[in-house]
Amino acid sequence: MNVNCNSTCLCGAVSVSATLKSNAIVVCHCTQCQRWTGGGPLYVVRAEGIVFHYDDNIGLYHASQHGERGYCRSCGTTLYWSMRGKSPQFLPVGLLEDQSGLRVKEEIFVDYRPSWLSPYPGATQSTEAEQLRALQDYLKKNQ
Ligand SMILES: [Zn+2]
Ligand SMILES: [Zn+2]
């Protein structure tokens, strides 16, 4: 699956173009994402060549030591999460106009999944401890 995506935030001040490399949705249940999205997890897809236009309208928030959250300063739309200072590799599913063919393949921070939300059948499940171990490995490799 190699899909070009062009979209904008809610108010249109920021537009984005990117190429989706797979149909896999990653679901993050961490409490930061729950607050950021306003309820429920953050649903993202991996993408390459993500370019934001009018990016002086993007606000950045560092909710944790390593993460960076981008949002539209005018309308508050969730634009991306990335490692601090790195270019974004994930796009929120809600920015995609065509979501056909996408499937939830991976759930992370499942220890924080709210009790009213069931696991997605067939999706891999990983906990906060597993994610933090993966982050440490990543940081060691990318020093
Ligand atoms: Zn906006
Ligand atoms: Zn999260």
# chains A, B, ... in the order shown; residues from 1 in each chain; ligands from 1
call {"tool": "residues_near_ligand", "arguments": {"ligand": "ligand 2", "cutoff": "10 Å", "atoms": "only C-alpha atoms and all ligand atoms", "output": "list in words"}}
result
Val27, Cys28, His29, Cys30, Thr31, Gln32, Cys33, Gln34, Arg35, Trp36, Thr37, Pro41, Leu42, Tyr43, Gly67, Trp81, Ile108, Phe109, Tyr112 and Glu128 of chain A
call {"tool": "write_last_selection", "arguments": {"atoms": "N, CA and C atoms", "output": "PDB file, in the first residue's frame"}}
result
ATOM      1  N   VAL A  27      -2.337   2.150  17.701  1.00  0.00           N
ATOM      2  CA  VAL A  27      -3.225   2.767  18.680  1.00  0.00           C
ATOM      3  C   VAL A  27      -2.450   3.001  19.970  1.00  0.00           C
ATOM      4  N   CYS A  28      -2.373   4.254  20.418  1.00  0.00           N
ATOM      5  CA  CYS A  28      -1.685   4.523  21.687  1.00  0.00           C
ATOM      6  C   CYS A  28      -2.703   4.874  22.761  1.00  0.00           C
ATOM      7  N   HIS A  29      -2.662   4.080  23.840  1.00  0.00           N
ATOM      8  CA  HIS A  29      -3.620   4.265  24.940  1.00  0.00           C
ATOM      9  C   HIS A  29      -3.044   5.068  26.095  1.00  0.00           C
ATOM     10  N   CYS A  30      -1.846   5.646  25.945  1.00  0.00           N
ATOM     11  CA  CYS A  30      -1.228   6.308  27.110  1.00  0.00           C
ATOM     12  C   CYS A  30      -2.105   7.473  27.570  1.00  0.00           C
ATOM     13  N   THR A  31      -1.950   7.853  28.826  1.00  0.00           N
ATOM     14  CA  THR A  31      -2.839   8.879  29.390  1.00  0.00           C
ATOM     15  C   THR A  31      -2.612  10.236  28.728  1.00  0.00           C
ATOM     16  N   GLN A  32      -1.377  10.498  28.277  1.00  0.00           N
ATOM     17  CA  GLN A  32      -1.136  11.764  27.567  1.00  0.00           C
ATOM     18  C   GLN A  32      -1.944  11.810  26.279  1.00  0.00           C
ATOM     19  N   CYS A  33      -1.929  10.719  25.522  1.00  0.00           N
ATOM     20  CA  CYS A  33      -2.704  10.692  24.277  1.00  0.00           C
ATOM     21  C   CYS A  33      -4.198  10.802  24.560  1.00  0.00           C
ATOM     22  N   GLN A  34      -4.654  10.163  25.626  1.00  0.00           N
ATOM     23  CA  GLN A  34      -6.088  10.255  25.945  1.00  0.00           C
ATOM     24  C   GLN A  34      -6.504  11.702  26.190  1.00  0.00           C
ATOM     25  N   ARG A  35      -5.675  12.445  26.930  1.00  0.00           N
ATOM     26  CA  ARG A  35      -6.010  13.857  27.183  1.00  0.00           C
ATOM     27  C   ARG A  35      -5.910  14.667  25.901  1.00  0.00           C
ATOM     28  N   TRP A  36      -4.871  14.345  25.109  1.00  0.00           N
ATOM     29  CA  TRP A  36      -4.591  15.137  23.906  1.00  0.00           C
ATOM     30  C   TRP A  36      -5.709  15.016  22.883  1.00  0.00           C
ATOM     31  N   THR A  37      -6.238  13.787  22.737  1.00  0.00           N
ATOM     32  CA  THR A  37      -7.290  13.574  21.745  1.00  0.00           C
ATOM     33  C   THR A  37      -8.661  13.973  22.280  1.00  0.00           C
ATOM     34  N   PRO A  41      -8.028   6.614  22.609  1.00  0.00           N
ATOM     35  CA  PRO A  41      -6.609   6.616  22.277  1.00  0.00           C
ATOM     36  C   PRO A  41      -6.293   7.504  21.077  1.00  0.00           C
ATOM     37  N   LEU A  42      -5.000   7.619  20.782  1.00  0.00           N
ATOM     38  CA  LEU A  42      -4.546   8.273  19.567  1.00  0.00           C
ATOM     39  C   LEU A  42      -4.338   7.188  18.501  1.00  0.00           C
ATOM     40  N   TYR A  43      -4.966   7.352  17.354  1.00  0.00           N
ATOM     41  CA  TYR A  43      -4.842   6.411  16.235  1.00  0.00           C
ATOM     42  C   TYR A  43      -3.923   7.044  15.188  1.00  0.00           C
ATOM     43  N   GLY A  67       9.215  13.123  23.798  1.00  0.00           N
ATOM     44  CA  GLY A  67       8.185  13.264  22.776  1.00  0.00           C
ATOM     45  C   GLY A  67       7.857  14.714  22.441  1.00  0.00           C
ATOM     46  N   TRP A  81       2.780  13.326  16.419  1.00  0.00           N
ATOM     47  CA  TRP A  81       3.650  13.020  17.546  1.00  0.00           C
ATOM     48  C   TRP A  81       4.973  12.597  16.950  1.00  0.00           C
ATOM     49  N   ILE A 108      -0.489  -0.019  21.823  1.00  0.00           N
ATOM     50  CA  ILE A 108       0.598   0.194  22.782  1.00  0.00           C
ATOM     51  C   ILE A 108       0.073   0.906  24.027  1.00  0.00           C
ATOM     52  N   PHE A 109       0.840   0.775  25.107  1.00  0.00           N
ATOM     53  CA  PHE A 109       0.432   1.305  26.427  1.00  0.00           C
ATOM     54  C   PHE A 109      -0.939   0.734  26.812  1.00  0.00           C
ATOM     55  N   TYR A 112      -3.112   1.213  30.009  1.00  0.00           N
ATOM     56  CA  TYR A 112      -3.925   2.408  30.255  1.00  0.00           C
ATOM     57  C   TYR A 112      -5.211   2.426  29.425  1.00  0.00           C
ATOM     58  N   GLU A 128       3.280  -0.474  28.882  1.00  0.00           N
ATOM     59  CA  GLU A 128       4.179   0.661  29.115  1.00  0.00           C
ATOM     60  C   GLU A 128       5.606   0.174  29.320  1.00  0.00           C
TER      61      GLU A 128
END
call {"tool": "residues_around", "arguments": {"residues": "Gln65 of chain A", "least_positions_apart": "4", "cutoff": "12 Å", "atoms": "only C-alpha atoms", "output": "PyMOL selection string"}}
result
chain A and resi 61+69+82-85+135
call {"tool": "select_by_dssp", "arguments": {"residues": "chain A", "states": "strand (DSSP E)", "output": "MDAnalysis selection string"}}
result
chainID A and resid 3:8 15:28 42:53 58:61 67:72 78:83 90:92 103:108 124:126
call {"tool": "write_last_selection", "arguments": {"atoms": "C-alpha atoms", "output": "mmCIF file, in the first residue's frame"}}
result
data_model
loop_
_atom_site.group_PDB
_atom_site.id
_atom_site.type_symbol
_atom_site.label_atom_id
_atom_site.label_comp_id
_atom_site.auth_asym_id
_atom_site.auth_seq_id
_atom_site.Cartn_x
_atom_site.Cartn_y
_atom_site.Cartn_z
ATOM 1 C CA VAL A 3 -0.972 6.007 -0.820
ATOM 2 C CA ASN A 4 -0.403 9.710 -1.193
ATOM 3 C CA CYS A 5 -2.283 11.806 1.280
ATOM 4 C CA ASN A 6 -3.121 15.496 1.184
ATOM 5 C CA SER A 7 -5.157 17.002 3.948
ATOM 6 C CA THR A 8 -5.608 19.970 6.236
ATOM 7 C CA SER A 15 -1.979 21.437 5.304
ATOM 8 C CA VAL A 16 -0.035 18.201 5.111
ATOM 9 C CA SER A 17 1.171 15.857 2.416
ATOM 10 C CA ALA A 18 2.672 12.422 3.000
ATOM 11 C CA THR A 19 2.917 8.893 1.648
ATOM 12 C CA LEU A 20 1.438 5.998 3.604
ATOM 13 C CA LYS A 21 3.593 2.888 3.460
ATOM 14 C CA SER A 22 1.174 0.413 4.989
ATOM 15 C CA ASN A 23 -2.434 0.082 6.041
ATOM 16 C CA ALA A 24 -1.506 -0.518 9.699
ATOM 17 C CA ILE A 25 -3.023 1.682 12.366
ATOM 18 C CA VAL A 26 -1.102 1.991 15.640
ATOM 19 C CA VAL A 27 -3.225 2.767 18.680
ATOM 20 C CA CYS A 28 -1.685 4.523 21.687
ATOM 21 C CA LEU A 42 -4.546 8.273 19.567
ATOM 22 C CA TYR A 43 -4.842 6.411 16.235
ATOM 23 C CA VAL A 44 -1.900 6.932 13.868
ATOM 24 C CA VAL A 45 -0.445 5.520 10.655
ATOM 25 C CA ARG A 46 3.212 5.369 9.669
ATOM 26 C CA ALA A 47 4.018 7.690 6.794
ATOM 27 C CA GLU A 48 7.037 8.883 4.857
ATOM 28 C CA GLY A 49 7.855 12.288 3.456
ATOM 29 C CA ILE A 50 5.504 14.083 5.800
ATOM 30 C CA VAL A 51 5.525 17.773 4.904
ATOM 31 C CA PHE A 52 3.482 20.383 6.724
ATOM 32 C CA HIS A 53 2.748 23.568 4.828
ATOM 33 C CA ILE A 58 2.114 24.634 14.258
ATOM 34 C CA GLY A 59 2.404 24.737 18.020
ATOM 35 C CA LEU A 60 4.683 22.264 19.787
ATOM 36 C CA TYR A 61 4.090 20.729 23.173
ATOM 37 C CA GLY A 67 8.185 13.264 22.776
ATOM 38 C CA GLU A 68 6.943 16.224 20.779
ATOM 39 C CA ARG A 69 3.290 16.914 19.962
ATOM 40 C CA GLY A 70 2.359 19.209 17.103
ATOM 41 C CA TYR A 71 -1.018 20.939 16.859
ATOM 42 C CA CYS A 72 -2.604 23.768 14.889
ATOM 43 C CA THR A 78 -3.823 17.094 16.482
ATOM 44 C CA LEU A 79 -1.125 17.059 13.773
ATOM 45 C CA TYR A 80 1.644 14.717 14.846
ATOM 46 C CA TRP A 81 3.650 13.020 17.546
ATOM 47 C CA SER A 82 7.380 12.554 17.049
ATOM 48 C CA MET A 83 10.600 12.005 18.941
ATOM 49 C CA PHE A 90 3.229 9.142 12.224
ATOM 50 C CA LEU A 91 0.059 10.905 11.138
ATOM 51 C CA PRO A 92 -3.213 10.871 13.056
ATOM 52 C CA ARG A 103 -6.685 -1.895 9.924
ATOM 53 C CA VAL A 104 -5.672 -1.680 13.590
ATOM 54 C CA LYS A 105 -2.526 -3.824 13.828
ATOM 55 C CA GLU A 106 -0.798 -2.628 16.973
ATOM 56 C CA GLU A 107 -1.904 -1.374 20.383
ATOM 57 C CA ILE A 108 0.598 0.194 22.782
ATOM 58 C CA THR A 124 -0.400 -6.909 18.885
ATOM 59 C CA GLN A 125 -0.506 -5.673 22.468
ATOM 60 C CA SER A 126 2.324 -4.050 24.374
#
call {"tool": "residues_near_ligand", "arguments": {"ligand": "ligand 1", "cutoff": "9 Å", "atoms": "only C-alpha atoms and all ligand atoms", "output": "NGL selection string"}}
result
:A and (8-15 or 57-58 or 71-77)
call {"tool": "select_by_dssp", "arguments": {"residues": "chain A", "states": "alpha helix (DSSP H)", "output": "MDAnalysis selection string"}}
result
chainID A and resid 31:37 128:141
call {"tool": "atom_distance", "arguments": {"atom1": "atom CA of Glu97 of chain A", "atom2": "atom CA of Trp116 of chain A"}}
result
27.3 Å
call {"tool": "atom_distance", "arguments": {"atom1": "atom CA of Pro119 of chain A", "atom2": "atom CA of Gly40 of chain A"}}
result
12.4 Å
call {"tool": "atom_distance", "arguments": {"atom1": "atom CA of Leu132 of chain A", "atom2": "atom CA of His62 of chain A"}}
result
17.1 Å
